[in-house]
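In what follows, a single structure is set out as C-alpha coordinates and then discussed.
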Amino acid sequence: MIRVVLADDEHLTRDAVATLLGMEDDLAVVAQATTGDEALAAIRAHQPDIAVLDVEMPGLDGAQVAEKVATDHPGTRCVILTRHARPGVLRRALAARAMGFVTKNTPAATLAEVIRNVHAGARYVDPELAATALENANCPLTDRELDVLRHVDPASTADEIAAAVHLSPGTVRNYLSSAMRKLDARTRIEAAAHARDHGWL
(Lines give C-alpha, C1' and ligand atoms only; values in the text may rest on other atoms or scores of the structure.)
Protein backbone atom coordinates (compact mmCIF):
# COMPACT_ATOMS: atom_id res chain seq x y z
CA MET A 1 0.00 0.00 0.00
CA ILE A 2 1.35 3.44 -0.98
CA ARG A 3 0.68 5.88 1.85
CA VAL A 4 -0.15 9.46 0.80
CA VAL A 5 -0.41 12.81 2.59
CA LEU A 6 -2.54 15.29 0.65
CA ALA A 7 -2.19 19.06 1.16
CA ASP A 8 -4.41 21.66 -0.51
CA ASP A 9 -6.10 24.74 0.96
CA GLU A 10 -9.10 24.33 -1.37
CA HIS A 11 -11.34 22.01 0.63
CA LEU A 12 -13.50 20.90 -2.28
CA THR A 13 -10.49 20.04 -4.43
CA ARG A 14 -8.71 18.26 -1.59
CA ASP A 15 -11.75 16.20 -0.63
CA ALA A 16 -12.39 15.24 -4.26
CA VAL A 17 -8.77 14.15 -4.84
CA ALA A 18 -8.73 12.22 -1.55
CA THR A 19 -11.95 10.40 -2.50
CA LEU A 20 -10.69 9.52 -5.97
CA LEU A 21 -7.31 8.31 -4.73
CA GLY A 22 -9.05 6.31 -2.01
CA MET A 23 -10.82 4.31 -4.71
CA GLU A 24 -7.46 2.90 -5.85
CA ASP A 25 -6.66 -0.48 -4.28
CA ASP A 26 -2.98 0.31 -3.70
CA LEU A 27 -3.25 3.93 -2.46
CA ALA A 28 -4.23 5.19 1.00
CA VAL A 29 -4.58 8.86 1.98
CA VAL A 30 -3.35 8.76 5.60
CA ALA A 31 -3.64 12.50 6.34
CA GLN A 32 -4.84 15.78 4.85
CA ALA A 33 -3.60 19.34 5.39
CA THR A 34 -4.66 22.85 4.40
CA THR A 35 -1.38 24.74 4.87
CA GLY A 36 2.29 24.12 4.26
CA ASP A 37 3.00 23.97 8.00
CA GLU A 38 0.20 21.43 8.50
CA ALA A 39 1.60 19.40 5.61
CA LEU A 40 5.04 19.25 7.23
CA ALA A 41 3.50 18.24 10.55
CA ALA A 42 1.49 15.48 8.86
CA ILE A 43 4.56 14.23 7.01
CA ARG A 44 6.56 14.15 10.26
CA ALA A 45 3.74 12.28 12.02
CA HIS A 46 2.87 9.74 9.31
CA GLN A 47 6.12 9.35 7.31
CA PRO A 48 4.17 8.74 4.07
CA ASP A 49 5.61 7.38 0.85
CA ILE A 50 4.22 10.30 -1.17
CA ALA A 51 3.16 13.87 -0.36
CA VAL A 52 0.83 15.49 -2.89
CA LEU A 53 1.21 19.24 -2.38
CA ASP A 54 -0.70 22.19 -3.79
CA VAL A 55 1.87 24.73 -4.95
CA GLU A 56 -0.02 27.70 -3.48
CA MET A 57 -0.96 27.30 0.17
CA PRO A 58 -1.00 29.65 3.18
CA GLY A 59 2.36 29.84 4.92
CA LEU A 60 4.92 27.60 3.25
CA ASP A 61 4.03 26.89 -0.38
CA GLY A 62 4.30 23.49 -2.03
CA ALA A 63 7.81 24.06 -3.36
CA GLN A 64 9.06 25.18 0.05
CA VAL A 65 7.50 22.12 1.69
CA ALA A 66 9.05 19.86 -0.97
CA GLU A 67 12.48 21.36 -0.32
CA LYS A 68 12.21 20.74 3.44
CA VAL A 69 10.89 17.22 2.89
CA ALA A 70 13.76 16.35 0.54
CA THR A 71 16.23 17.41 3.23
CA ASP A 72 14.51 16.18 6.41
CA HIS A 73 12.34 13.26 5.21
CA PRO A 74 14.10 11.68 2.21
CA GLY A 75 11.84 8.63 2.41
CA THR A 76 8.90 10.78 1.29
CA ARG A 77 8.73 11.84 -2.34
CA CYS A 78 6.76 14.94 -3.31
CA VAL A 79 4.32 15.51 -6.16
CA ILE A 80 3.30 19.11 -6.84
CA LEU A 81 -0.33 19.67 -7.82
CA THR A 82 -1.20 23.09 -9.21
CA ARG A 83 -3.88 25.05 -10.97
CA HIS A 84 -1.26 27.56 -12.17
CA ALA A 85 0.75 25.72 -14.80
CA ARG A 86 3.42 28.37 -15.28
CA PRO A 87 6.95 27.36 -16.29
CA GLY A 88 8.42 29.39 -13.44
CA VAL A 89 6.40 27.34 -10.95
CA LEU A 90 7.74 24.17 -12.57
CA ARG A 91 11.33 25.36 -12.29
CA ARG A 92 10.85 26.19 -8.60
CA ALA A 93 9.34 22.78 -7.94
CA LEU A 94 12.15 20.93 -9.69
CA ALA A 95 14.76 23.03 -7.89
CA ALA A 96 13.06 22.00 -4.63
CA ARG A 97 13.60 18.35 -5.66
CA ALA A 98 9.93 17.54 -6.20
CA MET A 99 9.61 14.28 -8.16
CA GLY A 100 6.28 14.97 -9.85
CA PHE A 101 4.49 18.00 -11.26
CA VAL A 102 0.89 17.77 -12.45
CA THR A 103 -1.89 20.25 -13.09
CA LYS A 104 -5.26 20.12 -11.33
CA ASN A 105 -7.03 19.26 -14.56
CA THR A 106 -5.09 15.98 -14.70
CA PRO A 107 -7.47 12.97 -14.67
CA ALA A 108 -7.55 11.09 -11.35
CA ALA A 109 -6.34 7.90 -13.02
CA THR A 110 -3.30 9.76 -14.36
CA LEU A 111 -2.53 11.26 -10.95
CA ALA A 112 -2.75 7.79 -9.38
CA GLU A 113 -0.33 6.46 -11.99
CA VAL A 114 2.04 9.40 -11.40
CA ILE A 115 2.01 8.59 -7.67
CA ARG A 116 2.86 4.95 -8.42
CA ASN A 117 5.70 5.91 -10.77
CA VAL A 118 7.15 8.49 -8.37
CA HIS A 119 6.95 5.92 -5.58
CA ALA A 120 8.94 3.57 -7.82
CA GLY A 121 11.65 6.23 -8.23
CA ALA A 122 10.64 7.86 -11.51
CA ARG A 123 10.08 11.58 -12.11
CA TYR A 124 7.02 12.93 -13.90
CA VAL A 125 6.42 16.36 -15.42
CA ASP A 126 3.27 17.27 -17.31
CA PRO A 127 4.42 17.08 -20.97
CA GLU A 128 2.63 20.23 -22.15
CA LEU A 129 4.06 22.23 -19.27
CA ALA A 130 7.55 20.88 -19.90
CA ALA A 131 7.34 22.03 -23.52
CA THR A 132 6.16 25.49 -22.46
CA ALA A 133 9.01 25.73 -19.94
CA LEU A 134 11.55 25.00 -22.66
CA GLU A 135 10.03 27.68 -24.89
CA ASN A 136 10.33 30.24 -22.07
CA ALA A 137 13.76 29.21 -20.81
CA ASN A 138 15.55 32.48 -21.59
CA CYS A 139 14.86 34.34 -18.38
CA PRO A 140 17.31 37.23 -17.81
CA LEU A 141 16.63 37.39 -14.07
CA THR A 142 18.59 35.73 -11.27
CA ASP A 143 16.90 33.42 -8.76
CA ARG A 144 17.10 36.16 -6.11
CA GLU A 145 15.49 38.73 -8.42
CA LEU A 146 12.71 36.26 -9.19
CA ASP A 147 12.22 35.52 -5.51
CA VAL A 148 11.84 39.23 -4.73
CA LEU A 149 9.46 39.84 -7.65
CA ARG A 150 7.35 36.88 -6.50
CA HIS A 151 6.44 38.88 -3.39
CA VAL A 152 5.55 42.11 -5.19
CA ASP A 153 1.94 43.25 -5.12
CA PRO A 154 0.32 46.72 -5.17
CA ALA A 155 0.27 46.92 -1.36
CA SER A 156 3.72 45.47 -0.57
CA THR A 157 6.57 47.63 0.69
CA ALA A 158 10.28 46.95 0.42
CA ASP A 159 10.35 46.27 4.16
CA GLU A 160 7.57 43.68 3.86
CA ILE A 161 9.24 41.99 0.90
CA ALA A 162 12.54 41.99 2.79
CA ALA A 163 10.93 40.23 5.76
CA ALA A 164 9.37 37.63 3.46
CA VAL A 165 12.62 36.78 1.65
CA HIS A 166 14.92 37.25 4.67
CA LEU A 167 16.99 40.06 3.15
CA SER A 168 17.62 43.67 4.11
CA PRO A 169 15.32 46.34 2.61
CA GLY A 170 18.30 47.91 0.83
CA THR A 171 19.20 44.60 -0.81
CA VAL A 172 15.60 44.10 -1.88
CA ARG A 173 15.55 47.56 -3.47
CA ASN A 174 18.74 46.70 -5.36
CA TYR A 175 17.22 43.47 -6.68
CA LEU A 176 14.03 45.28 -7.68
CA SER A 177 15.99 48.00 -9.49
CA SER A 178 18.08 45.39 -11.30
CA ALA A 179 14.99 43.43 -12.36
CA MET A 180 13.24 46.59 -13.56
CA ARG A 181 16.30 47.57 -15.60
CA LYS A 182 16.63 44.14 -17.21
CA LEU A 183 12.93 44.04 -18.10
CA ASP A 184 12.74 47.70 -19.14
CA ALA A 185 9.94 48.19 -16.60
CA ARG A 186 9.02 51.52 -15.06
CA THR A 187 7.74 50.11 -11.77
CA ARG A 188 8.18 46.99 -9.65
CA ILE A 189 4.52 46.07 -10.38
CA GLU A 190 5.21 46.24 -14.11
CA ALA A 191 8.34 44.11 -13.68
CA ALA A 192 6.46 41.47 -11.69
CA ALA A 193 3.63 41.41 -14.25
CA HIS A 194 6.15 41.02 -17.09
CA ALA A 195 7.83 38.11 -15.30
CA ARG A 196 4.50 36.38 -14.65
CA ASP A 197 3.32 36.88 -18.23
CA HIS A 198 6.46 35.13 -19.43
CA GLY A 199 6.01 32.22 -17.02
CA TRP A 200 9.10 32.97 -14.93
CA LEU A 201 7.29 33.21 -11.60
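Just so we're on the same page: first chain in the C-alpha coordinates is A, next is B, and so on; residues restart at 1 for each chain, and ligands are numbered from 1 in the order they show up.
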Polymer residues at most 10 Å from Leu111 (chain A), only C-alpha atoms, same-chain spacing of 3 or more positions, as a ChimeraX atom specification: /A:17,20-21,52,79,81,100-108,114-117
Just to be explicit: take each residue in the selection above, keep N, CA and C atoms, and write the result as a JSON list (two decimals), in the first residue's frame.
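part_16.json was written with the following content:
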```json
[["chain", "number", "residue", "atom", "x", "y", "z"],
["A", 17, "VAL", "N", -9.98, 14.93, -4.52],
["A", 17, "VAL", "CA", -8.77, 14.15, -4.84],
["A", 17, "VAL", "C", -8.62, 13.00, -3.85],
["A", 20, "LEU", "N", -11.08, 10.23, -4.75],
["A", 20, "LEU", "CA", -10.69, 9.52, -5.97],
["A", 20, "LEU", "C", -9.48, 8.63, -5.75],
["A", 21, "LEU", "N", -8.48, 9.14, -5.01],
["A", 21, "LEU", "CA", -7.31, 8.31, -4.73],
["A", 21, "LEU", "C", -7.68, 7.13, -3.82],
["A", 52, "VAL", "N", 1.40, 14.75, -1.77],
["A", 52, "VAL", "CA", 0.83, 15.49, -2.89],
["A", 52, "VAL", "C", 0.53, 16.89, -2.38],
["A", 79, "VAL", "N", 4.97, 15.22, -4.88],
["A", 79, "VAL", "CA", 4.32, 15.51, -6.16],
["A", 79, "VAL", "C", 3.62, 16.85, -5.99],
["A", 81, "LEU", "N", 0.96, 19.58, -7.11],
["A", 81, "LEU", "CA", -0.33, 19.67, -7.82],
["A", 81, "LEU", "C", -0.70, 21.14, -7.89],
["A", 100, "GLY", "N", 7.40, 14.97, -8.92],
["A", 100, "GLY", "CA", 6.28, 14.97, -9.85],
["A", 100, "GLY", "C", 5.66, 16.35, -9.93],
["A", 101, "PHE", "N", 5.12, 16.70, -11.09],
["A", 101, "PHE", "CA", 4.49, 18.00, -11.26],
["A", 101, "PHE", "C", 3.31, 17.81, -12.20],
["A", 102, "VAL", "N", 2.10, 17.97, -11.65],
["A", 102, "VAL", "CA", 0.89, 17.77, -12.45],
["A", 102, "VAL", "C", -0.07, 18.92, -12.22],
["A", 103, "THR", "N", -0.90, 19.19, -13.21],
["A", 103, "THR", "CA", -1.89, 20.25, -13.09],
["A", 103, "THR", "C", -3.19, 19.68, -12.51],
["A", 104, "LYS", "N", -4.03, 20.57, -11.98],
["A", 104, "LYS", "CA", -5.26, 20.12, -11.33],
["A", 104, "LYS", "C", -6.32, 19.62, -12.31],
["A", 105, "ASN", "N", -6.09, 19.83, -13.59],
["A", 105, "ASN", "CA", -7.03, 19.26, -14.56],
["A", 105, "ASN", "C", -6.58, 17.88, -15.03],
["A", 106, "THR", "N", -5.55, 17.33, -14.39],
["A", 106, "THR", "CA", -5.09, 15.98, -14.70],
["A", 106, "THR", "C", -6.15, 14.97, -14.25],
["A", 107, "PRO", "N", -6.50, 14.00, -15.08],
["A", 107, "PRO", "CA", -7.47, 12.97, -14.67],
["A", 107, "PRO", "C", -6.98, 12.22, -13.43],
["A", 108, "ALA", "N", -7.91, 11.79, -12.59],
["A", 108, "ALA", "CA", -7.55, 11.09, -11.35],
["A", 108, "ALA", "C", -6.73, 9.83, -11.63],
["A", 114, "VAL", "N", 0.87, 8.57, -11.73],
["A", 114, "VAL", "CA", 2.04, 9.40, -11.40],
["A", 114, "VAL", "C", 2.53, 9.06, -10.00],
["A", 115, "ILE", "N", 1.63, 8.94, -9.05],
["A", 115, "ILE", "CA", 2.01, 8.59, -7.67],
["A", 115, "ILE", "C", 2.74, 7.25, -7.64],
["A", 116, "ARG", "N", 2.22, 6.27, -8.37],
["A", 116, "ARG", "CA", 2.86, 4.95, -8.42],
["A", 116, "ARG", "C", 4.27, 5.05, -9.02],
["A", 117, "ASN", "N", 4.39, 5.80, -10.11],
["A", 117, "ASN", "CA", 5.70, 5.91, -10.77],
["A", 117, "ASN", "C", 6.71, 6.65, -9.91]]
```
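With only C-alpha atoms as the atoms that count, the minimum distance from Val172 (chain A) to the choices A:Lys68, A:Arg144, A:Arg83, A:Arg123 is reached by A:Arg144.
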Shell of 10 Å around Thr157 (chain A), only C-alpha atoms, local chain residues under 5 positions omitted, as a count of residues only: 6
CA of Ile161 (chain A) to CA of Lys182 (chain A), straight-line distance in Å: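 Between these atoms lies a distance of 19.7 Å.
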A:Gln47, A:Gln64, A:Thr34, A:Thr171 ranked by distance to Val148 (chain A), top pick (using only C-alpha atoms):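 Result for the nearest residue to Val148 (chain A): A:Thr171.
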